[in-house]
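Dumped query-v8.txt below, it's compact mmCIF, C-alpha atoms:
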```txt
# COMPACT_ATOMS: atom_id res chain seq x y z
CA MET A 1 86.08 111.53 108.31
CA SER A 2 86.14 110.40 104.67
CA LEU A 3 86.97 106.75 104.12
CA THR A 4 90.32 106.04 102.45
CA PHE A 5 90.67 103.42 99.73
CA HIS A 6 93.87 101.89 98.38
CA TRP A 7 94.28 99.50 95.47
CA PHE A 8 96.91 96.80 94.80
CA LEU A 9 99.74 96.44 92.29
CA PRO A 10 100.04 92.75 91.31
CA THR A 11 103.83 92.56 91.11
CA ASN A 12 103.47 88.76 90.98
CA GLY A 13 101.47 88.94 87.74
CA ASP A 14 97.80 89.33 86.93
CA SER A 15 95.06 87.26 85.32
CA ARG A 16 91.33 86.75 84.93
CA HIS A 17 91.91 83.91 87.40
CA VAL A 18 93.26 84.08 90.94
CA VAL A 19 97.05 84.36 90.95
CA GLY A 20 98.38 82.46 93.94
CA GLY A 21 101.55 83.03 95.93
CA GLY A 22 102.71 84.50 99.19
CA HIS A 23 103.64 83.17 102.62
CA GLY A 24 106.31 80.89 101.31
CA ILE A 25 104.44 79.53 98.29
CA PRO A 26 105.38 80.55 94.74
CA ALA A 27 103.20 82.56 92.38
CA THR A 28 101.08 80.34 90.14
CA VAL A 29 101.58 80.15 86.40
CA LEU A 30 98.45 82.24 85.93
CA GLY A 31 100.59 85.24 86.80
CA ARG A 32 102.13 84.88 83.36
CA ASP A 33 98.83 85.83 81.71
CA ARG A 34 99.65 89.47 82.35
CA PRO A 35 103.29 89.79 83.43
CA PRO A 36 104.04 92.53 85.98
CA THR A 37 105.74 94.88 83.56
CA VAL A 38 106.18 98.53 84.45
CA ALA A 39 103.86 99.40 81.56
CA TYR A 40 101.02 97.18 82.81
CA LEU A 41 101.43 98.11 86.47
CA SER A 42 101.47 101.79 85.46
CA GLN A 43 98.20 101.26 83.63
CA ILE A 44 96.64 99.92 86.85
CA ALA A 45 98.18 102.73 88.89
CA ARG A 46 96.85 105.44 86.60
CA ALA A 47 93.38 103.89 86.69
CA ALA A 48 93.46 103.75 90.49
CA GLU A 49 94.59 107.37 90.62
CA ASP A 50 91.81 108.55 88.31
CA LEU A 51 89.15 106.59 90.20
CA GLY A 52 90.06 108.06 93.59
CA PHE A 53 92.20 105.45 95.32
CA VAL A 54 94.74 107.20 97.55
CA GLY A 55 97.49 104.60 97.32
CA ALA A 56 98.47 101.20 95.97
CA LEU A 57 99.90 98.34 98.03
CA THR A 58 102.79 96.29 96.69
CA PRO A 59 103.70 92.94 98.24
CA THR A 60 107.15 91.67 99.20
CA GLY A 61 108.81 88.27 99.01
CA ALA A 62 110.49 85.85 96.65
CA TRP A 63 107.20 85.30 94.79
CA CYS A 64 106.96 88.85 93.36
CA GLU A 65 109.03 91.70 91.99
CA ASP A 66 110.91 93.95 94.44
CA ALA A 67 108.54 96.55 95.85
CA TRP A 68 110.99 99.46 96.17
CA LEU A 69 112.35 99.26 92.63
CA THR A 70 108.99 98.60 91.01
CA THR A 71 107.12 101.43 92.71
CA ALA A 72 109.98 103.86 92.09
CA MET A 73 109.59 103.20 88.37
CA VAL A 74 105.79 103.20 88.35
CA SER A 75 105.72 106.45 90.34
CA GLN A 76 107.22 108.24 87.35
CA ASN A 77 104.12 107.38 85.32
CA THR A 78 101.64 108.75 87.88
CA GLU A 79 101.11 112.13 89.50
CA ARG A 80 99.28 111.80 92.82
CA LEU A 81 98.91 108.12 93.71
CA LYS A 82 100.83 107.05 96.81
CA PHE A 83 102.63 103.73 97.12
CA LEU A 84 102.18 101.48 100.14
CA VAL A 85 105.56 99.79 99.81
CA ALA A 86 105.98 96.49 101.64
CA PHE A 87 109.30 96.48 103.50
CA ARG A 88 110.94 93.69 105.52
CA PRO A 89 113.13 94.77 108.44
CA GLY A 90 116.42 92.97 108.69
CA PHE A 91 117.28 92.90 105.00
CA VAL A 92 118.89 96.37 105.06
CA SER A 93 120.31 98.48 107.87
CA PRO A 94 117.87 100.79 109.70
CA THR A 95 119.81 103.89 108.67
CA LEU A 96 119.72 102.87 105.02
CA ALA A 97 116.01 102.08 105.30
CA ALA A 98 115.36 105.56 106.71
CA GLN A 99 117.47 107.09 103.93
CA MET A 100 115.69 105.10 101.21
CA ALA A 101 112.32 106.26 102.49
CA SER A 102 113.52 109.85 102.68
CA THR A 103 114.80 109.73 99.10
CA PHE A 104 111.54 108.17 97.89
CA GLN A 105 109.57 110.99 99.49
CA ARG A 106 111.62 113.70 97.82
CA GLN A 107 111.71 112.09 94.41
CA THR A 108 107.96 111.39 94.32
CA GLY A 109 106.66 114.50 96.04
CA GLY A 110 105.75 112.79 99.31
CA ARG A 111 104.01 109.70 97.92
CA LEU A 112 105.45 106.95 100.13
CA LEU A 113 103.50 104.91 102.68
CA LEU A 114 105.54 102.18 104.38
CA ASN A 115 104.00 98.75 105.00
CA VAL A 116 106.31 97.01 107.48
CA VAL A 117 106.18 93.22 107.01
CA THR A 118 108.12 91.38 109.69
CA GLY A 119 107.98 88.04 107.85
CA GLY A 120 106.08 85.00 109.06
CA GLU A 121 107.96 82.22 107.28
CA SER A 122 111.37 81.25 108.66
CA HIS A 123 112.34 79.16 105.62
CA GLU A 124 111.75 82.13 103.31
CA GLN A 125 113.63 84.47 105.65
CA ARG A 126 116.61 82.10 105.69
CA ALA A 127 116.76 82.26 101.91
CA TYR A 128 117.53 85.95 102.35
CA GLY A 129 120.15 85.27 105.02
CA ASP A 130 117.91 85.98 108.02
CA PHE A 131 118.11 83.22 110.63
CA LEU A 132 116.18 84.79 113.54
CA ASP A 133 113.07 83.08 114.83
CA LYS A 134 109.67 84.73 114.57
CA ASP A 135 109.56 86.48 117.96
CA ALA A 136 113.12 87.72 117.51
CA ARG A 137 112.17 89.14 114.12
CA TYR A 138 109.38 91.13 115.75
CA ARG A 139 111.72 92.44 118.44
CA ARG A 140 114.12 93.50 115.69
CA THR A 141 111.24 95.24 113.91
CA GLY A 142 110.58 97.26 117.05
CA GLU A 143 114.23 98.32 117.26
CA LEU A 144 114.28 99.29 113.59
CA LEU A 145 111.15 101.39 113.87
CA GLN A 146 112.55 103.17 116.91
CA ILE A 147 115.74 104.03 115.01
CA VAL A 148 113.94 105.04 111.82
CA ARG A 149 111.44 107.24 113.66
CA ASP A 150 114.25 109.06 115.48
CA LEU A 151 116.22 109.55 112.27
CA TRP A 152 113.17 110.94 110.51
CA ASP A 153 112.79 113.38 113.41
CA GLY A 154 116.28 114.70 112.64
CA LYS A 155 117.92 113.16 115.69
CA THR A 156 121.39 111.67 115.93
CA VAL A 157 120.88 108.09 117.01
CA ASP A 158 123.03 105.78 119.11
CA LEU A 159 121.41 102.47 119.91
CA SER A 160 122.80 99.14 120.99
CA GLY A 161 119.85 96.79 120.93
CA GLU A 162 119.35 93.07 121.09
CA HIS A 163 119.51 92.80 117.29
CA LEU A 164 120.42 96.19 115.85
CA GLN A 165 123.23 98.59 116.63
CA VAL A 166 123.92 102.04 115.17
CA GLU A 167 126.36 104.70 116.27
CA ASP A 168 126.22 108.42 115.47
CA ALA A 169 123.52 107.76 112.85
CA LYS A 170 121.95 110.82 111.23
CA LEU A 171 120.20 111.68 107.98
CA ALA A 172 121.55 114.52 105.87
CA ARG A 173 117.97 115.27 104.77
CA VAL A 174 114.86 114.17 106.63
CA PRO A 175 111.67 113.23 104.75
CA ASP A 176 108.92 115.79 104.41
CA PRO A 177 106.32 114.65 105.07
CA VAL A 178 107.34 111.75 107.26
CA PRO A 179 105.93 108.52 105.73
CA GLU A 180 103.11 106.88 107.62
CA ILE A 181 103.81 103.35 108.84
CA TYR A 182 101.34 100.52 108.20
CA PHE A 183 101.70 97.19 109.96
CA GLY A 184 99.81 93.96 110.59
CA GLY A 185 100.19 90.91 112.80
CA SER A 186 98.01 88.75 115.01
CA SER A 187 100.52 87.44 117.57
CA PRO A 188 100.88 89.03 121.03
CA ILE A 189 104.26 90.54 120.21
CA ALA A 190 102.88 91.98 116.95
CA GLY A 191 100.26 93.82 118.97
CA GLU A 192 102.95 95.29 121.21
CA ILE A 193 104.95 96.57 118.23
CA ALA A 194 101.84 98.07 116.64
CA ALA A 195 100.89 99.84 119.85
CA ARG A 196 104.30 101.47 120.21
CA HIS A 197 105.27 102.41 116.69
CA VAL A 198 102.71 102.32 113.87
CA ASP A 199 100.20 104.76 112.43
CA VAL A 200 97.80 102.28 110.82
CA TYR A 201 97.17 98.70 111.98
CA LEU A 202 96.08 96.43 109.13
CA THR A 203 94.04 93.26 109.45
CA TRP A 204 93.07 90.76 106.81
CA GLY A 205 89.39 90.41 105.93
CA GLU A 206 88.02 88.34 108.77
CA PRO A 207 84.30 88.45 109.68
CA PRO A 208 83.25 91.65 111.49
CA ALA A 209 83.08 90.06 114.95
CA GLN A 210 86.69 88.91 114.72
CA VAL A 211 87.80 92.26 113.30
CA ALA A 212 86.08 94.03 116.22
CA GLU A 213 88.08 91.90 118.66
CA LYS A 214 91.34 92.82 116.94
CA ILE A 215 90.52 96.51 116.96
CA ALA A 216 89.69 96.44 120.66
CA TRP A 217 92.91 94.52 121.38
CA VAL A 218 95.25 96.90 119.52
CA ARG A 219 93.38 100.00 120.65
CA GLY A 220 93.77 98.92 124.27
CA LEU A 221 97.49 98.23 123.87
CA ALA A 222 98.03 101.59 122.18
CA ALA A 223 96.17 103.40 124.96
CA LYS A 224 98.59 101.91 127.49
CA GLU A 225 101.42 103.46 125.45
CA GLY A 226 99.65 106.82 125.41
CA ARG A 227 99.05 106.50 121.67
CA SER A 228 96.21 105.98 119.23
CA VAL A 229 96.30 104.20 115.89
CA ARG A 230 94.05 104.06 112.86
CA PHE A 231 92.74 100.81 111.45
CA GLY A 232 92.63 99.36 107.96
CA ILE A 233 91.53 96.10 106.35
CA ARG A 234 92.86 94.12 103.38
CA LEU A 235 90.22 92.54 101.12
CA HIS A 236 89.57 91.45 97.57
CA VAL A 237 86.39 92.64 95.84
CA ILE A 238 84.00 91.25 93.24
CA THR A 239 81.29 93.86 92.74
CA ARG A 240 78.76 94.02 89.91
CA ASP A 241 75.47 95.69 89.03
CA THR A 242 73.55 92.79 90.59
CA SER A 243 74.33 90.28 93.29
CA GLU A 244 73.74 87.40 90.87
CA GLN A 245 76.36 88.74 88.46
CA ALA A 246 78.92 89.10 91.25
CA TRP A 247 78.41 85.58 92.58
CA THR A 248 78.60 84.20 89.05
CA GLU A 249 82.07 85.74 88.80
CA ALA A 250 83.07 84.27 92.17
CA HIS A 251 81.91 80.82 91.08
CA LYS A 252 83.87 81.17 87.82
CA LEU A 253 87.01 81.77 89.86
CA LEU A 254 86.23 78.79 92.07
CA ASP A 255 85.64 76.55 89.04
CA GLY A 256 89.13 77.48 87.85
CA PHE A 257 90.82 76.12 90.99
CA ASP A 258 92.54 72.86 90.11
CA PRO A 259 92.01 70.40 93.00
CA GLU A 260 95.68 69.41 93.04
CA THR A 261 96.72 73.06 93.18
CA VAL A 262 94.37 73.67 96.11
CA LYS A 263 95.74 70.63 97.91
CA SER A 264 99.35 71.71 97.33
CA VAL A 265 98.75 75.33 98.35
CA GLN A 266 96.87 74.34 101.50
CA ALA A 267 99.66 71.96 102.51
CA GLY A 268 102.21 74.72 102.05
CA LEU A 269 100.19 77.31 103.96
CA ALA A 270 99.52 74.86 106.81
CA ARG A 271 103.23 75.10 107.62
CA SER A 272 103.04 78.89 107.97
CA GLU A 273 104.23 80.39 111.26
CA SER A 274 101.95 83.39 110.76
CA GLU A 275 99.00 83.50 113.16
CA GLY A 276 97.18 85.70 110.69
CA GLN A 277 97.63 83.08 107.98
CA GLN A 278 96.35 80.35 110.26
CA ARG A 279 93.29 82.48 111.00
CA MET A 280 92.73 82.81 107.24
CA LEU A 281 92.97 79.04 106.77
CA ALA A 282 90.48 78.43 109.56
CA LEU A 283 87.84 80.42 107.66
CA HIS A 284 87.49 77.76 104.95
CA GLY A 285 89.32 74.70 106.31
CA GLY A 286 90.49 73.81 102.80
CA SER A 287 86.92 73.03 101.71
CA ARG A 288 84.97 74.46 98.77
CA ASP A 289 81.77 74.31 100.83
CA GLY A 290 80.39 77.08 103.04
CA LEU A 291 82.70 79.75 101.66
CA GLU A 292 80.33 82.66 102.35
CA ILE A 293 81.42 83.08 105.97
CA HIS A 294 79.44 86.31 106.56
CA PRO A 295 76.96 88.02 104.25
CA ASN A 296 78.89 88.98 101.10
CA LEU A 297 82.22 87.83 102.61
CA TRP A 298 83.69 84.97 100.56
CA ALA A 299 86.71 82.90 101.67
CA GLY A 300 87.35 81.25 98.31
CA ILE A 301 90.44 83.27 97.39
CA GLY A 302 92.32 81.74 100.32
CA LEU A 303 92.09 78.26 98.79
CA VAL A 304 94.88 79.12 96.34
CA ARG A 305 96.50 82.29 97.67
CA GLY A 306 98.50 83.07 100.78
CA GLY A 307 97.87 86.19 102.82
CA ALA A 308 94.60 88.03 102.19
CA GLY A 309 92.12 85.29 101.33
CA THR A 310 88.65 86.82 101.49
CA ALA A 311 86.60 88.93 99.11
CA LEU A 312 83.56 91.15 99.35
CA VAL A 313 81.14 89.74 96.78
CA GLY A 314 77.83 91.30 95.81
CA SER A 315 76.03 94.13 94.12
CA HIS A 316 77.48 97.61 94.42
CA ASP A 317 74.91 98.40 97.10
CA GLU A 318 75.69 95.24 99.06
CA VAL A 319 79.44 95.82 98.97
CA ALA A 320 78.90 99.41 100.09
CA GLU A 321 76.85 98.13 103.03
CA ARG A 322 79.60 95.70 104.07
CA ILE A 323 82.13 98.54 103.94
CA LYS A 324 79.86 100.60 106.16
CA GLU A 325 79.61 97.64 108.54
CA TYR A 326 83.41 97.45 108.89
CA HIS A 327 83.63 101.23 109.17
CA ALA A 328 81.19 101.17 112.09
CA LEU A 329 83.69 98.92 113.91
CA GLY A 330 86.50 101.45 113.47
CA ILE A 331 87.96 100.64 110.04
CA ASP A 332 88.82 103.82 108.13
CA GLU A 333 91.13 102.50 105.40
CA PHE A 334 90.41 99.74 102.89
CA VAL A 335 93.20 98.08 100.89
CA LEU A 336 91.45 96.31 98.02
CA SER A 337 92.23 94.19 94.98
CA GLY A 338 90.50 92.01 92.40
CA TYR A 339 91.21 89.79 89.40
CA PRO A 340 92.13 91.17 86.99
CA HIS A 341 93.24 94.30 88.82
CA LEU A 342 92.68 96.75 86.00
CA GLU A 343 89.07 95.82 85.30
CA GLU A 344 88.10 95.29 88.94
CA ALA A 345 89.44 98.74 89.85
CA TYR A 346 86.85 100.20 87.47
CA TRP A 347 84.02 97.98 88.71
CA PHE A 348 84.62 99.15 92.29
CA GLY A 349 85.57 102.74 91.47
CA GLU A 350 82.58 103.36 89.23
CA GLY A 351 80.11 101.16 91.12
CA VAL A 352 80.74 101.40 94.85
CA LEU A 353 82.60 104.66 95.43
CA PRO A 354 79.80 106.87 94.01
CA ARG A 355 77.34 105.21 96.38
CA LEU A 356 79.57 105.92 99.38
CA ALA A 357 80.07 109.48 98.14
CA ALA A 358 76.32 110.01 97.92
CA GLN A 359 76.06 109.02 101.59
CA GLY A 360 78.82 111.44 102.64
CA LEU A 361 81.26 108.65 103.52
CA TRP A 362 83.79 109.27 100.75
CA GLN A 363 85.02 112.02 98.52
CA HIS A 364 87.45 111.86 95.63
CA PRO A 365 90.85 112.83 97.13
CA PHE A 366 92.10 114.40 93.90
CA ALA A 367 88.93 116.10 92.74
CA LYS A 368 89.29 119.74 91.86
CA PRO A 369 86.82 122.15 93.48
CA ALA A 370 84.02 123.10 91.16
CA ALA A 371 84.60 126.43 89.51
CA PRO A 372 82.01 129.10 90.34
CA SER A 373 79.49 129.56 87.56
CA ALA A 374 80.11 132.60 85.43
CA GLN A 375 77.71 135.50 85.97
CA VAL A 376 76.16 136.39 82.64
CA PRO A 377 74.94 140.00 82.63
CA PHE A 378 71.24 140.40 81.96
CA THR A 379 70.49 142.39 78.83
CA THR A 380 67.35 143.33 77.04
```

The structure given in the file should be rewritten as structure tokens.
Amino acid sequence: MSLTFHWFLPTNGDSRHVVGGGHGIPATVLGRDRPPTVAYLSQIARAAEDLGFVGALTPTGAWCEDAWLTTAMVSQNTERLKFLVAFRPGFVSPTLAAQMASTFQRQTGGRLLLNVVTGGESHEQRAYGDFLDKDARYRRTGELLQIVRDLWDGKTVDLSGEHLQVEDAKLARVPDPVPEIYFGGSSPIAGEIAARHVDVYLTWGEPPAQVAEKIAWVRGLAAKEGRSVRFGIRLHVITRDTSEQAWTEAHKLLDGFDPETVKSVQAGLARSESEGQQRMLALHGGSRDGLEIHPNLWAGIGLVRGGAGTALVGSHDEVAERIKEYHALGIDEFVLSGYPHLEEAYWFGEGVLPRLAAQGLWQHPFAKPAAPSAQVPFTT
């Protein structure tokens, strides 16, 4: 099975420095270096498409542009790239969510992947009018996915759940193909939802031993439901021709972290209700020391950014080896990013992907088959 790689659209802005934000903390001013205009995001998307990334993740929250609207516009400037659109249950009705996804599929030629984000920060959820607690939000997510799945199957749905209720719900046109559902979460109830409803379970970039535990956990829960799921991982990357060059770039990013900004971000993230976020914080403990937590796995990003806080740092060969290490655990999909996103897409796409292709682990998803060589008649 060929590995699948996705890139990231920085709808919170881009920079040669780390742009913070997420999990209830605002985007940093560095995001103004390269504002998230449709033109700039389309430039990144076209580069990702040409390099062989299958899709591009967009985040959700008050700290970034709306994922649905932005990707709908960017999709018109690309041809094959899919969009892993972050979606929060509870902000729109399940029937409308199913309809939006169906419309997106038709208008883009089947290029929607849905990243369901339950929401780990109650204070941010309340700003949107959602006053459920965390566990209740996950139970609502399960109800929404049940309704959406049935609607996509062409069924007429009547459901009176704990949080959601629909009557005689039906789509006039079902999506073709049905969008795959991506989902992450480290709490017990998150595992239950993943086991019952999702296609791909995503984890943030923890060390391999911890990732292996998560895979075994979700795989076991899914087996009890008579299902199987695929696994993906969310990481940043800093890859260069040599290891020394890559670590020099990482240290440049670290040198750009203002101590007061780190202190403020860490205080904000410490209040997060997300178990995944707390696991990210535990990797560095707010300290600049000991940030290489596994060979070529650097936790420095998490000092100033919520959510995914680790990066693969090293030579192209070293990064390829770390990808193979995660793949051996059961990871088949990699959702990657780097600062700035345009340049780092090329560093990874031109440096690491050819090495994986040479080992038979990856092939360009949009490559055209080689044309047979023309037979030139022999003459004397």

For this session: Work out how far apart atom CA of A:Asn115 and atom CA of A:Ile181 are and give it in Å to one decimal.
Result: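 Distance reported for this atom pair: 6.0 Å.
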
Exercise. Between A:Leu297, A:Val117, A:Val262, A:Val211, which has the minimum distance to A:Arg279 (counting only C-alpha atoms)?
Worked result: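 For A:Arg279, the nearest of the candidates is A:Val211.
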
Seminar exercise, completed: Using only C-alpha atoms, the residue out of A:Pro36, A:Glu318, A:Glu213, A:Arg227 with shortest distance to A:Thr70 is A:Pro36

For this session: Please provide the set of residues having any atom within 12 Å of A:Ala136, restricted to only C-alpha atoms, with same-chain residues fewer than 3 positions apart removed, written as a count of residues only.
Result: 21

Exercise. Using all atoms listed in the file, which residue out of A:Leu144, A:Val19, A:Ile301, A:Ala101 lies closest to A:Gln165?
Worked result: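 Once distances to A:Gln165 are computed over all atoms listed in the file, the minimum belongs to A:Leu144.
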
Exercise. Near A:Gly13, within 8 Å and counting all atoms listed in the file, which residues show up once chain neighbours fewer than 5 positions away are dropped, as a count of residues only?
Worked result: 9

For this session: Compare A:Phe334, A:Trp7, A:Trp247, A:Tyr182 by their minimum atom-to-atom distance to A:Glu292, counting only C-alpha atoms, and give me the closest one.
Result: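 That would be A:Trp247, the residue with the smallest distance to A:Glu292.
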
For this session: Take atom CA of A:Gly55 and atom CA of A:Arg80 and report the distance between them in Å, one decimal.
Result: 8.7 Å

For this session: Please provide the set of residues having any atom within 12 Å of A:Trp68, restricted to all atoms listed in the file, with same-chain residues fewer than 2 positions apart removed, written as a PyMOL selection string.
Result: chain A and resi 11+57-61+64-66+70-75+83-88+97+100-101+103-104+112-115

For this session: Using atom CA of A:Lys214 and atom CA of A:Val200 as the two end points, give the distance in Å to one decimal.
Result: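 Interatomic distance, atom CA of A:Lys214 to atom CA of A:Val200: 13.0 Å.
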
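Using only C-alpha atoms, the shortest contact distance between A:Arg196 and any of A:Glu79, A:Glu225, A:Glu249, A:Asp332 is found at A:Glu225.
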
Problem set entry | Top pick for closest residue to A:Leu171, considering A:Trp347, A:Phe8, A:Trp63, A:Trp152 and counting all atoms listed in the file |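 Comparing A:Trp347, A:Phe8, A:Trp63, A:Trp152 against A:Leu171, the winner is A:Trp152.
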
Problem set entry | Residue contacts of A:Arg271 (10 Å, only C-alpha atoms) excluding same-chain residues fewer than 3 positions away, as number ranges by chain | A: 23-24, 121, 266-268, 274, 277-278

Report the closest atom pair, with its distance in Å rounded to one decimal, for each residue of stretch 19-73 of chain A that has an atom no farther than 9 Å from stretch 359-369 of chain A; count only C-alpha atoms, sort by chain and then rising residue number, and write it as CSV.
```
residue,atom,partner,partner_atom,distance
A:Glu49,CA,A:Phe366,CA,8.1
A:Asp50,CA,A:Phe366,CA,8.1
A:Leu51,CA,A:His364,CA,7.8
A:Gly52,CA,A:His364,CA,5.0
A:Phe53,CA,A:Pro365,CA,7.7
A:Val54,CA,A:Pro365,CA,6.9
```

Problem set entry | 8 Å contact set for A:Ala345, only C-alpha atoms, chain neighbours under 4 positions out, as a list in words |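 So the residues in contact are Trp7, Ile44, Ala47, Ala48, Leu51, Ser337, Gly338, His341 and Gly349 of chain A.
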
Can you spit out the residues from that selection as a compact mmCIF listing (two decimals), in the frame of the given file, using C-alpha atoms?
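What follows is the written file part-v5.txt:
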```
# COMPACT_ATOMS: atom_id res chain seq x y z
CA TRP A 7 94.28 99.50 95.47
CA ILE A 44 96.64 99.92 86.85
CA ALA A 47 93.38 103.89 86.69
CA ALA A 48 93.46 103.75 90.49
CA LEU A 51 89.15 106.59 90.20
CA SER A 337 92.23 94.19 94.98
CA GLY A 338 90.50 92.01 92.40
CA HIS A 341 93.24 94.30 88.82
CA GLY A 349 85.57 102.74 91.47
```
